[in-house]
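K.L.:
Right, I'll just put the structure down here and ask away after.
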2 protein chains.
Amino acid sequence: MSGLRVAVLASGTGTNLQAILDTVHGRDGIEVVAVGSDKPTARALARARDAGVETAVFRAADYPDRAARDEAMADWLAERGVELVVLAGYMQLLTPGFIRRFPNRIINVHPALLPSFPGLDAIGQALAHGVRVTGVTVHFVDEGVDTGPIILQRAVPVPDSRDRAELEEAIHAVEHELLPEAVRLIAAGRVTIDPANPRLVLIAPAAK
Amino acid sequence: MSGLRVAVLASGTGTNLQAILDTVHGRDGIEVVAVGSDKPTARALARARDAGVETAVFRAADYPDRAARDEAMADWLAERGVELVVLAGYMQLLTPGFIRRFPNRIINVHPALLPSFPGLDAIGQALAHGVRVTGVTVHFVDEGVDTGPIILQRAVPVPDSRDRAELEEAIHAVEHELLPEAVRLIAAGRVTIDPANPRLVLIAPAAK
């Protein structure tokens, strides 16, 4: 089992970052070496600093366009030897140029069972549609919106009350397990894209 | 708890019909009073006859068009006092005229977690997309393809092997539980459409 240099991009409170810091950072050679954000006030940045992880802010307003912003961010990550980019509540669409810098090396966590409810407010979409089961997906990021190959999924029942706060809490709890699990599997070399079908992610059994 | 006169429409082997005959027919006032098919060779018809249930075949070739076929079928069901029409592997799209004859009184079982993978070969669609979780949906039938309000859903994990036969078996086993459960809930008067939102199905708690 080899190590893995991980970056996390986050726009918000950073609870998924915290789950990664608490459960995989510093274990089995996995190191979170960089945390980036588009928002200087993101609580994720404070969480990173508390864990001794280097941070940087890439604000849209500081660059002529999205491509320039993403290029600066990709350079910053590449300089730190980042091998896996984890989107953990990062609310910006990445440009194709950024995605090509980290081919099949960017993962995202989405609060629905894709392909249902891609895009913004997946939990609200699921409640409005009236589903009885939703869930969480961890997937590789491609140039579409939440369309990349699926690594892990777990179902979450919608409470009979359809109470949004209750469903959000249940989904976030699953995110906090599934995203670190995906990082662990990737670090262990167990995750590959099927050479015969780029839609399919293969997960090798654990070594005995 | 009042009774319910149920019809089942099926095109194939009729295993979902059999599950209904075995687990809800003749209990709590629920009676399967009619089984219809578009195919004279459907095994579902033999299962119905074995259970003493009246059957009829409505072949497309025997009518000038789909509307006429569905009108004859609706007449046949109405004459038998049918209060709930259950689609159990019925492979024909129902015409709007038929659906209006049984408003919110037609249910379908679909082998995926809608809104993912509507239409034909939902299991094949799920395998091709590379999902890790799929499942079963029971929903009211509206004029769209698998778009009606969702009554019940249950998740089914995709086996790591992605073996189609294994996944089909797991999904069919869940169908055989979820479809009878929906019939029981409807017969017990516990299923209503939210008056404030026609997308949402409300399920009342069981009486104490």
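Each chain of the structure tokens is named A, B, ... in the order shown, its residues numbered from 1; ligands are numbered from 1 in display order.
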Pick out the residues sitting within 12 Å of B:Leu202, and hand them over as a list of chain:residue names; count only C-alpha atoms, and ignore anything fewer than 4 positions along from it in its own chain.

P.N.:
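Skipping anything fewer than 4 positions along the chain leaves A:Gly130, A:Val131, A:Arg132, A:Pro159, A:Asp160, A:Ser161, A:Arg162, B:Pro149, B:Ile150, B:Ile151, B:Leu152, B:Leu185, B:Ile186, B:Gly189, B:Arg190, B:Val191, B:Thr192, B:Ile193, B:Asp194, B:Pro195, B:Ala196, B:Asn197, B:Pro198.
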
K.L.:
Restrict the selected residues to C-alpha atoms and save them as an mmCIF file, in the first residue's frame.

P.N.:
data_model
loop_
_atom_site.group_PDB
_atom_site.id
_atom_site.type_symbol
_atom_site.label_atom_id
_atom_site.label_comp_id
_atom_site.auth_asym_id
_atom_site.auth_seq_id
_atom_site.Cartn_x
_atom_site.Cartn_y
_atom_site.Cartn_z
ATOM 1 C CA GLY A 130 -41.360 12.747 -3.995
ATOM 2 C CA VAL A 131 -38.797 9.925 -3.948
ATOM 3 C CA ARG A 132 -38.771 7.508 -1.010
ATOM 4 C CA PRO A 159 -38.141 10.084 6.265
ATOM 5 C CA ASP A 160 -41.928 9.707 6.111
ATOM 6 C CA SER A 161 -42.193 13.275 7.423
ATOM 7 C CA ARG A 162 -40.153 14.478 4.406
ATOM 8 C CA PRO B 149 -46.103 9.946 -8.190
ATOM 9 C CA ILE B 150 -43.912 7.509 -6.257
ATOM 10 C CA ILE B 151 -45.575 5.306 -3.633
ATOM 11 C CA LEU B 152 -42.759 3.038 -2.427
ATOM 12 C CA LEU B 185 -51.465 -0.067 1.837
ATOM 13 C CA ILE B 186 -53.963 1.113 -0.795
ATOM 14 C CA GLY B 189 -56.851 3.374 2.770
ATOM 15 C CA ARG B 190 -53.416 4.566 3.869
ATOM 16 C CA VAL B 191 -52.251 5.947 0.483
ATOM 17 C CA THR B 192 -53.292 9.428 -0.673
ATOM 18 C CA ILE B 193 -51.971 12.089 -3.016
ATOM 19 C CA ASP B 194 -50.942 15.227 -1.115
ATOM 20 C CA PRO B 195 -53.754 17.725 -1.828
ATOM 21 C CA ALA B 196 -51.127 20.491 -1.738
ATOM 22 C CA ASN B 197 -48.761 18.794 -4.203
ATOM 23 C CA PRO B 198 -49.827 16.151 -6.731
#

K.L.:
Between atom CA of B:Gly81 and atom CA of B:Arg100, what is the distance, to one decimal in Å?

P.N.:
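If I compute the distance from atom CA of B:Gly81 to atom CA of B:Arg100, I get 15.8 Å.
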
K.L.:
If you count only C-alpha atoms, which residues fall within 8 Å of stretch 55-71 of chain A, apart from same-chain ones fewer than 5 positions away, as a JSON list (two decimals) with C-alpha atoms, in the first residue's frame?

P.N.:
[["chain", "number", "residue", "atom", "x", "y", "z"],
["A", 34, "ALA", "CA", -3.40, 21.44, 0.37],
["A", 35, "VAL", "CA", -6.85, 22.92, 0.89],
["A", 36, "GLY", "CA", -8.14, 25.45, -1.60],
["A", 37, "SER", "CA", -11.28, 27.55, -1.68],
["A", 38, "ASP", "CA", -12.99, 30.13, -3.85],
["A", 39, "LYS", "CA", -14.22, 31.89, -0.69],
["A", 40, "PRO", "CA", -11.80, 33.55, 1.77],
["A", 45, "LEU", "CA", -9.86, 27.03, 5.52],
["A", 48, "ALA", "CA", -7.24, 23.07, 7.39],
["A", 49, "ARG", "CA", -5.05, 25.55, 9.27],
["A", 94, "LEU", "CA", -14.10, 23.31, -12.83],
["A", 95, "THR", "CA", -12.94, 24.28, -16.30],
["A", 97, "GLY", "CA", -8.38, 22.80, -18.61],
["A", 98, "PHE", "CA", -8.28, 22.04, -14.88]]

K.L.:
Can you check which residues of chain A DSSP gives as strand (DSSP E) on the backbone and send them as a ChimeraX atom specification?

P.N.:
/A:4-9,30-37,55-57,84-87,106-110,133-140,150-157,191-193,201-203

K.L.:
So what do you get for atom CA of B:Met73 versus atom CA of B:Gly52, distance-wise?

P.N.:
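Rounded to one decimal, the two atoms are 19.6 Å apart.
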
K.L.:
Once DSSP has gone over the backbone, tell me which residues of stretch 10-168 of chain B are in helix (DSSP H, G or I), as a CSV table (one decimal) with N, CA, C and O atoms, in the first residue's frame.

P.N.:
chain,number,residue,atom,x,y,z
B,15,THR,N,-44.7,-13.4,-12.6
B,15,THR,CA,-44.2,-13.6,-11.2
B,15,THR,C,-44.7,-12.6,-10.2
B,15,THR,O,-45.0,-12.9,-9.0
B,16,ASN,N,-44.8,-11.3,-10.7
B,16,ASN,CA,-45.4,-10.3,-9.8
B,16,ASN,C,-46.9,-10.6,-9.5
B,16,ASN,O,-47.4,-10.4,-8.4
B,17,LEU,N,-47.6,-11.1,-10.5
B,17,LEU,CA,-49.0,-11.5,-10.3
B,17,LEU,C,-49.0,-12.6,-9.3
B,17,LEU,O,-49.9,-12.6,-8.3
B,18,GLN,N,-48.2,-13.6,-9.4
B,18,GLN,CA,-48.1,-14.7,-8.5
B,18,GLN,C,-47.9,-14.2,-7.0
B,18,GLN,O,-48.5,-14.7,-6.1
B,19,ALA,N,-47.0,-13.2,-6.9
B,19,ALA,CA,-46.7,-12.7,-5.5
B,19,ALA,C,-48.0,-12.1,-5.0
B,19,ALA,O,-48.3,-12.2,-3.8
B,20,ILE,N,-48.7,-11.4,-5.8
B,20,ILE,CA,-50.0,-10.8,-5.3
B,20,ILE,C,-51.0,-11.8,-5.0
B,20,ILE,O,-51.7,-11.8,-3.9
B,21,LEU,N,-51.1,-12.8,-5.8
B,21,LEU,CA,-52.1,-13.9,-5.6
B,21,LEU,C,-51.7,-14.7,-4.3
B,21,LEU,O,-52.6,-15.0,-3.5
B,22,ASP,N,-50.4,-14.8,-4.0
B,22,ASP,CA,-49.9,-15.6,-2.9
B,22,ASP,C,-50.0,-14.8,-1.6
B,22,ASP,O,-50.1,-15.4,-0.5
B,23,THR,N,-49.9,-13.5,-1.6
B,23,THR,CA,-49.7,-12.8,-0.4
B,23,THR,C,-50.8,-11.8,0.0
B,23,THR,O,-50.9,-11.4,1.1
B,43,ARG,N,-47.7,-16.4,-19.5
B,43,ARG,CA,-47.9,-17.4,-18.4
B,43,ARG,C,-48.8,-16.8,-17.3
B,43,ARG,O,-49.4,-17.6,-16.5
B,44,ALA,N,-48.8,-15.5,-17.2
B,44,ALA,CA,-49.6,-14.8,-16.2
B,44,ALA,C,-51.1,-15.3,-16.3
B,44,ALA,O,-51.8,-15.5,-15.3
B,45,LEU,N,-51.6,-15.6,-17.5
B,45,LEU,CA,-53.0,-16.0,-17.7
B,45,LEU,C,-53.2,-17.4,-17.1
B,45,LEU,O,-54.2,-17.6,-16.4
B,46,ALA,N,-52.2,-18.3,-17.2
B,46,ALA,CA,-52.4,-19.6,-16.6
B,46,ALA,C,-52.4,-19.5,-15.1
B,46,ALA,O,-53.1,-20.2,-14.4
B,47,ARG,N,-51.5,-18.6,-14.6
B,47,ARG,CA,-51.5,-18.4,-13.1
B,47,ARG,C,-52.8,-17.9,-12.6
B,47,ARG,O,-53.3,-18.4,-11.5
B,48,ALA,N,-53.4,-17.0,-13.3
B,48,ALA,CA,-54.7,-16.5,-12.9
B,48,ALA,C,-55.8,-17.6,-12.9
B,48,ALA,O,-56.5,-17.7,-12.0
B,49,ARG,N,-55.8,-18.3,-14.0
B,49,ARG,CA,-56.8,-19.4,-14.1
B,49,ARG,C,-56.6,-20.4,-13.0
B,49,ARG,O,-57.6,-20.9,-12.4
B,50,ASP,N,-55.4,-20.7,-12.7
B,50,ASP,CA,-55.1,-21.7,-11.6
B,50,ASP,C,-55.6,-21.1,-10.3
B,50,ASP,O,-55.9,-21.9,-9.4
B,60,ALA,N,-53.5,-6.2,-29.7
B,60,ALA,CA,-53.5,-5.0,-30.6
B,60,ALA,C,-54.1,-5.4,-31.9
B,60,ALA,O,-54.9,-4.6,-32.5
B,61,ALA,N,-53.8,-6.6,-32.5
B,61,ALA,CA,-54.3,-6.9,-33.8
B,61,ALA,C,-55.8,-7.1,-33.9
B,61,ALA,O,-56.3,-7.0,-35.0
B,62,ASP,N,-56.4,-7.2,-32.8
B,62,ASP,CA,-57.9,-7.4,-32.8
B,62,ASP,C,-58.7,-6.0,-32.8
B,62,ASP,O,-59.9,-6.1,-32.7
B,66,ARG,N,-54.8,1.6,-30.7
B,66,ARG,CA,-54.5,1.4,-29.3
B,66,ARG,C,-55.7,1.9,-28.4
B,66,ARG,O,-56.0,1.3,-27.4
B,67,ALA,N,-56.2,3.1,-28.9
B,67,ALA,CA,-57.3,3.7,-28.1
B,67,ALA,C,-58.5,2.7,-28.0
B,67,ALA,O,-59.1,2.5,-26.9
B,68,ALA,N,-58.8,2.1,-29.1
B,68,ALA,CA,-60.0,1.1,-29.1
B,68,ALA,C,-59.7,-0.1,-28.2
B,68,ALA,O,-60.6,-0.6,-27.5
B,69,ARG,N,-58.4,-0.6,-28.3
B,69,ARG,CA,-58.1,-1.7,-27.5
B,69,ARG,C,-58.2,-1.4,-26.0
B,69,ARG,O,-58.8,-2.1,-25.2
B,70,ASP,N,-57.6,-0.2,-25.7
B,70,ASP,CA,-57.6,0.2,-24.3
B,70,ASP,C,-59.1,0.5,-23.8
B,70,ASP,O,-59.4,0.2,-22.6
B,71,GLU,N,-59.9,1.0,-24.7
B,71,GLU,CA,-61.3,1.2,-24.3
B,71,GLU,C,-62.0,-0.1,-24.0
B,71,GLU,O,-62.7,-0.2,-23.0
B,72,ALA,N,-61.8,-1.1,-24.8
B,72,ALA,CA,-62.4,-2.4,-24.6
B,72,ALA,C,-61.9,-3.0,-23.2
B,72,ALA,O,-62.7,-3.5,-22.4
B,73,MET,N,-60.6,-2.8,-23.0
B,73,MET,CA,-60.0,-3.3,-21.7
B,73,MET,C,-60.6,-2.6,-20.5
B,73,MET,O,-61.0,-3.2,-19.5
B,74,ALA,N,-60.7,-1.2,-20.6
B,74,ALA,CA,-61.3,-0.5,-19.5
B,74,ALA,C,-62.7,-0.8,-19.3
B,74,ALA,O,-63.2,-1.0,-18.1
B,75,ASP,N,-63.5,-1.1,-20.4
B,75,ASP,CA,-64.9,-1.5,-20.2
B,75,ASP,C,-64.9,-2.8,-19.4
B,75,ASP,O,-65.8,-3.0,-18.5
B,76,TRP,N,-64.1,-3.8,-19.9
B,76,TRP,CA,-64.1,-5.1,-19.2
B,76,TRP,C,-63.8,-5.0,-17.7
B,76,TRP,O,-64.4,-5.6,-16.9
B,77,LEU,N,-62.8,-4.1,-17.4
B,77,LEU,CA,-62.4,-3.9,-16.0
B,77,LEU,C,-63.6,-3.2,-15.2
B,77,LEU,O,-63.9,-3.7,-14.1
B,78,ALA,N,-64.1,-2.2,-15.8
B,78,ALA,CA,-65.2,-1.5,-15.1
B,78,ALA,C,-66.4,-2.4,-14.8
B,78,ALA,O,-67.0,-2.3,-13.8
B,79,GLU,N,-66.7,-3.2,-15.8
B,79,GLU,CA,-67.9,-4.2,-15.6
B,79,GLU,C,-67.6,-5.1,-14.4
B,79,GLU,O,-68.6,-5.6,-13.8
B,96,PRO,N,-54.0,7.7,-22.9
B,96,PRO,CA,-54.6,8.7,-21.9
B,96,PRO,C,-56.0,8.4,-21.6
B,96,PRO,O,-56.5,8.5,-20.5
B,97,GLY,N,-56.8,7.9,-22.6
B,97,GLY,CA,-58.2,7.6,-22.3
B,97,GLY,C,-58.4,6.5,-21.3
B,97,GLY,O,-59.2,6.6,-20.4
B,98,PHE,N,-57.5,5.5,-21.3
B,98,PHE,CA,-57.5,4.4,-20.3
B,98,PHE,C,-57.2,5.0,-18.9
B,98,PHE,O,-57.9,4.7,-17.9
B,99,ILE,N,-56.1,5.8,-18.9
B,99,ILE,CA,-55.6,6.3,-17.6
B,99,ILE,C,-56.7,7.2,-17.0
B,99,ILE,O,-56.9,7.2,-15.8
B,100,ARG,N,-57.5,8.0,-17.8
B,100,ARG,CA,-58.5,8.8,-17.2
B,100,ARG,C,-59.7,8.0,-16.7
B,100,ARG,O,-60.4,8.5,-15.9
B,101,ARG,N,-59.8,6.8,-17.1
B,101,ARG,CA,-60.9,6.0,-16.6
B,101,ARG,C,-60.6,5.5,-15.2
B,101,ARG,O,-61.6,5.1,-14.4
B,122,ALA,N,-34.6,-1.2,-17.7
B,122,ALA,CA,-34.0,-0.4,-16.6
B,122,ALA,C,-32.8,-1.0,-16.0
B,122,ALA,O,-31.8,-0.3,-15.6
B,123,ILE,N,-32.8,-2.4,-15.9
B,123,ILE,CA,-31.6,-3.0,-15.2
B,123,ILE,C,-30.4,-2.9,-16.1
B,123,ILE,O,-29.3,-2.6,-15.7
B,124,GLY,N,-30.6,-3.1,-17.4
B,124,GLY,CA,-29.5,-2.9,-18.4
B,124,GLY,C,-29.0,-1.5,-18.4
B,124,GLY,O,-27.8,-1.2,-18.4
B,125,GLN,N,-29.9,-0.5,-18.3
B,125,GLN,CA,-29.5,0.9,-18.2
B,125,GLN,C,-28.6,1.2,-17.0
B,125,GLN,O,-27.6,1.9,-17.1
B,126,ALA,N,-29.1,0.6,-15.9
B,126,ALA,CA,-28.3,0.8,-14.6
B,126,ALA,C,-26.9,0.2,-14.7
B,126,ALA,O,-25.9,0.8,-14.3
B,127,LEU,N,-26.8,-1.0,-15.2
B,127,LEU,CA,-25.5,-1.6,-15.4
B,127,LEU,C,-24.6,-0.8,-16.3
B,127,LEU,O,-23.4,-0.6,-16.1
B,128,ALA,N,-25.2,-0.4,-17.4
B,128,ALA,CA,-24.4,0.4,-18.4
B,128,ALA,C,-23.9,1.7,-17.8
B,128,ALA,O,-22.8,2.2,-18.2
B,129,HIS,N,-24.7,2.3,-16.9
B,129,HIS,CA,-24.4,3.6,-16.3
B,129,HIS,C,-23.3,3.4,-15.3
B,129,HIS,O,-22.6,4.4,-14.9
B,164,ARG,N,-25.5,-9.6,-14.4
B,164,ARG,CA,-26.8,-9.2,-14.7
B,164,ARG,C,-27.9,-10.2,-14.0
B,164,ARG,O,-28.9,-9.8,-13.5
B,165,ALA,N,-27.6,-11.5,-14.2
B,165,ALA,CA,-28.6,-12.4,-13.6
B,165,ALA,C,-28.7,-12.3,-12.1
B,165,ALA,O,-29.8,-12.4,-11.6
B,166,GLU,N,-27.6,-12.1,-11.4
B,166,GLU,CA,-27.6,-11.9,-10.0
B,166,GLU,C,-28.4,-10.6,-9.6
B,166,GLU,O,-29.2,-10.7,-8.7
B,167,LEU,N,-28.2,-9.5,-10.3
B,167,LEU,CA,-28.9,-8.3,-10.0
B,167,LEU,C,-30.4,-8.5,-10.3
B,167,LEU,O,-31.2,-8.0,-9.6
B,168,GLU,N,-30.7,-9.1,-11.5
B,168,GLU,CA,-32.1,-9.3,-11.8
B,168,GLU,C,-32.8,-10.1,-10.7
B,168,GLU,O,-34.0,-9.8,-10.3

K.L.:
Report as a PyMOL selection string all protein, DNA and RNA residues lying within 6 Å of A:Ala10, evaluated on only C-alpha atoms, omitting residues in the same chain fewer than 6 positions from it.

P.N.:
chain A and resi 37+88-90

K.L.:
Show which residues sit within 10 Å of stretch 25-28 of chain B, as a PyMOL selection string. Count only C-alpha atoms, and ignore same-chain residues fewer than 6 positions away.

P.N.:
chain B and resi 1-6+17-19+51+180+183-184+187-188

K.L.:
Using only N, CA, C and O atoms, please write the residues we just selected to a file, as a PDB file, in the first residue's frame.

P.N.:
ATOM      1  N   MET B   1     -60.945  -1.365   8.032  1.00  0.00           N
ATOM      2  CA  MET B   1     -60.272  -1.700   6.782  1.00  0.00           C
ATOM      3  C   MET B   1     -61.282  -2.265   5.784  1.00  0.00           C
ATOM      4  O   MET B   1     -61.957  -3.240   6.065  1.00  0.00           O
ATOM      5  N   SER B   2     -61.396  -1.601   4.638  1.00  0.00           N
ATOM      6  CA  SER B   2     -62.371  -2.052   3.660  1.00  0.00           C
ATOM      7  C   SER B   2     -61.677  -2.900   2.590  1.00  0.00           C
ATOM      8  O   SER B   2     -60.463  -2.997   2.551  1.00  0.00           O
ATOM      9  N   GLY B   3     -62.450  -3.497   1.699  1.00  0.00           N
ATOM     10  CA  GLY B   3     -61.880  -4.360   0.684  1.00  0.00           C
ATOM     11  C   GLY B   3     -61.435  -3.592  -0.535  1.00  0.00           C
ATOM     12  O   GLY B   3     -61.532  -2.363  -0.593  1.00  0.00           O
ATOM     13  N   LEU B   4     -60.940  -4.340  -1.521  1.00  0.00           N
ATOM     14  CA  LEU B   4     -60.462  -3.707  -2.743  1.00  0.00           C
ATOM     15  C   LEU B   4     -60.538  -4.732  -3.860  1.00  0.00           C
ATOM     16  O   LEU B   4     -60.023  -5.846  -3.724  1.00  0.00           O
ATOM     17  N   ARG B   5     -61.189  -4.341  -4.959  1.00  0.00           N
ATOM     18  CA  ARG B   5     -61.280  -5.207  -6.134  1.00  0.00           C
ATOM     19  C   ARG B   5     -60.144  -4.826  -7.086  1.00  0.00           C
ATOM     20  O   ARG B   5     -60.079  -3.709  -7.591  1.00  0.00           O
ATOM     21  N   VAL B   6     -59.252  -5.769  -7.314  1.00  0.00           N
ATOM     22  CA  VAL B   6     -57.984  -5.519  -8.001  1.00  0.00           C
ATOM     23  C   VAL B   6     -57.959  -6.244  -9.336  1.00  0.00           C
ATOM     24  O   VAL B   6     -58.386  -7.401  -9.427  1.00  0.00           O
ATOM     25  N   LEU B  17     -47.623 -11.053 -10.526  1.00  0.00           N
ATOM     26  CA  LEU B  17     -49.009 -11.479 -10.301  1.00  0.00           C
ATOM     27  C   LEU B  17     -49.041 -12.592  -9.261  1.00  0.00           C
ATOM     28  O   LEU B  17     -49.872 -12.576  -8.336  1.00  0.00           O
ATOM     29  N   GLN B  18     -48.152 -13.570  -9.408  1.00  0.00           N
ATOM     30  CA  GLN B  18     -48.138 -14.689  -8.463  1.00  0.00           C
ATOM     31  C   GLN B  18     -47.897 -14.205  -7.041  1.00  0.00           C
ATOM     32  O   GLN B  18     -48.534 -14.683  -6.083  1.00  0.00           O
ATOM     33  N   ALA B  19     -46.986 -13.225  -6.889  1.00  0.00           N
ATOM     34  CA  ALA B  19     -46.706 -12.688  -5.544  1.00  0.00           C
ATOM     35  C   ALA B  19     -47.974 -12.062  -4.954  1.00  0.00           C
ATOM     36  O   ALA B  19     -48.258 -12.217  -3.756  1.00  0.00           O
ATOM     37  N   ALA B  51     -55.681 -19.821 -10.150  1.00  0.00           N
ATOM     38  CA  ALA B  51     -56.181 -19.223  -8.901  1.00  0.00           C
ATOM     39  C   ALA B  51     -57.687 -18.939  -8.985  1.00  0.00           C
ATOM     40  O   ALA B  51     -58.255 -18.326  -8.084  1.00  0.00           O
ATOM     41  N   PRO B 180     -46.951  -6.148  -3.680  1.00  0.00           N
ATOM     42  CA  PRO B 180     -48.032  -6.535  -2.757  1.00  0.00           C
ATOM     43  C   PRO B 180     -48.176  -5.568  -1.581  1.00  0.00           C
ATOM     44  O   PRO B 180     -49.295  -5.277  -1.141  1.00  0.00           O
ATOM     45  N   VAL B 183     -50.233  -2.688  -2.655  1.00  0.00           N
ATOM     46  CA  VAL B 183     -51.653  -3.067  -2.757  1.00  0.00           C
ATOM     47  C   VAL B 183     -52.289  -3.111  -1.360  1.00  0.00           C
ATOM     48  O   VAL B 183     -53.394  -2.603  -1.154  1.00  0.00           O
ATOM     49  N   ARG B 184     -51.575  -3.690  -0.412  1.00  0.00           N
ATOM     50  CA  ARG B 184     -52.071  -3.734   0.971  1.00  0.00           C
ATOM     51  C   ARG B 184     -52.309  -2.331   1.528  1.00  0.00           C
ATOM     52  O   ARG B 184     -53.328  -2.067   2.165  1.00  0.00           O
ATOM     53  N   ALA B 187     -55.333  -0.780  -0.148  1.00  0.00           N
ATOM     54  CA  ALA B 187     -56.563  -1.411   0.341  1.00  0.00           C
ATOM     55  C   ALA B 187     -56.908  -0.917   1.738  1.00  0.00           C
ATOM     56  O   ALA B 187     -58.088  -0.780   2.090  1.00  0.00           O
ATOM     57  N   ALA B 188     -55.884  -0.646   2.530  1.00  0.00           N
ATOM     58  CA  ALA B 188     -56.114  -0.187   3.902  1.00  0.00           C
ATOM     59  C   ALA B 188     -56.440   1.301   3.956  1.00  0.00           C
ATOM     60  O   ALA B 188     -56.616   1.861   5.047  1.00  0.00           O
TER      61      ALA B 188
END

K.L.:
With distances taken over only C-alpha atoms, which residue among B:Ala173, B:Met91, B:Asp163, B:Ser116 lies nearest chain A?

P.N.:
B:Ser116

K.L.:
Counting only C-alpha atoms, which of A:Ala204, A:Ala7, A:Val53, A:Leu87 gets nearest to chain B?

P.N.:
A:Ala204
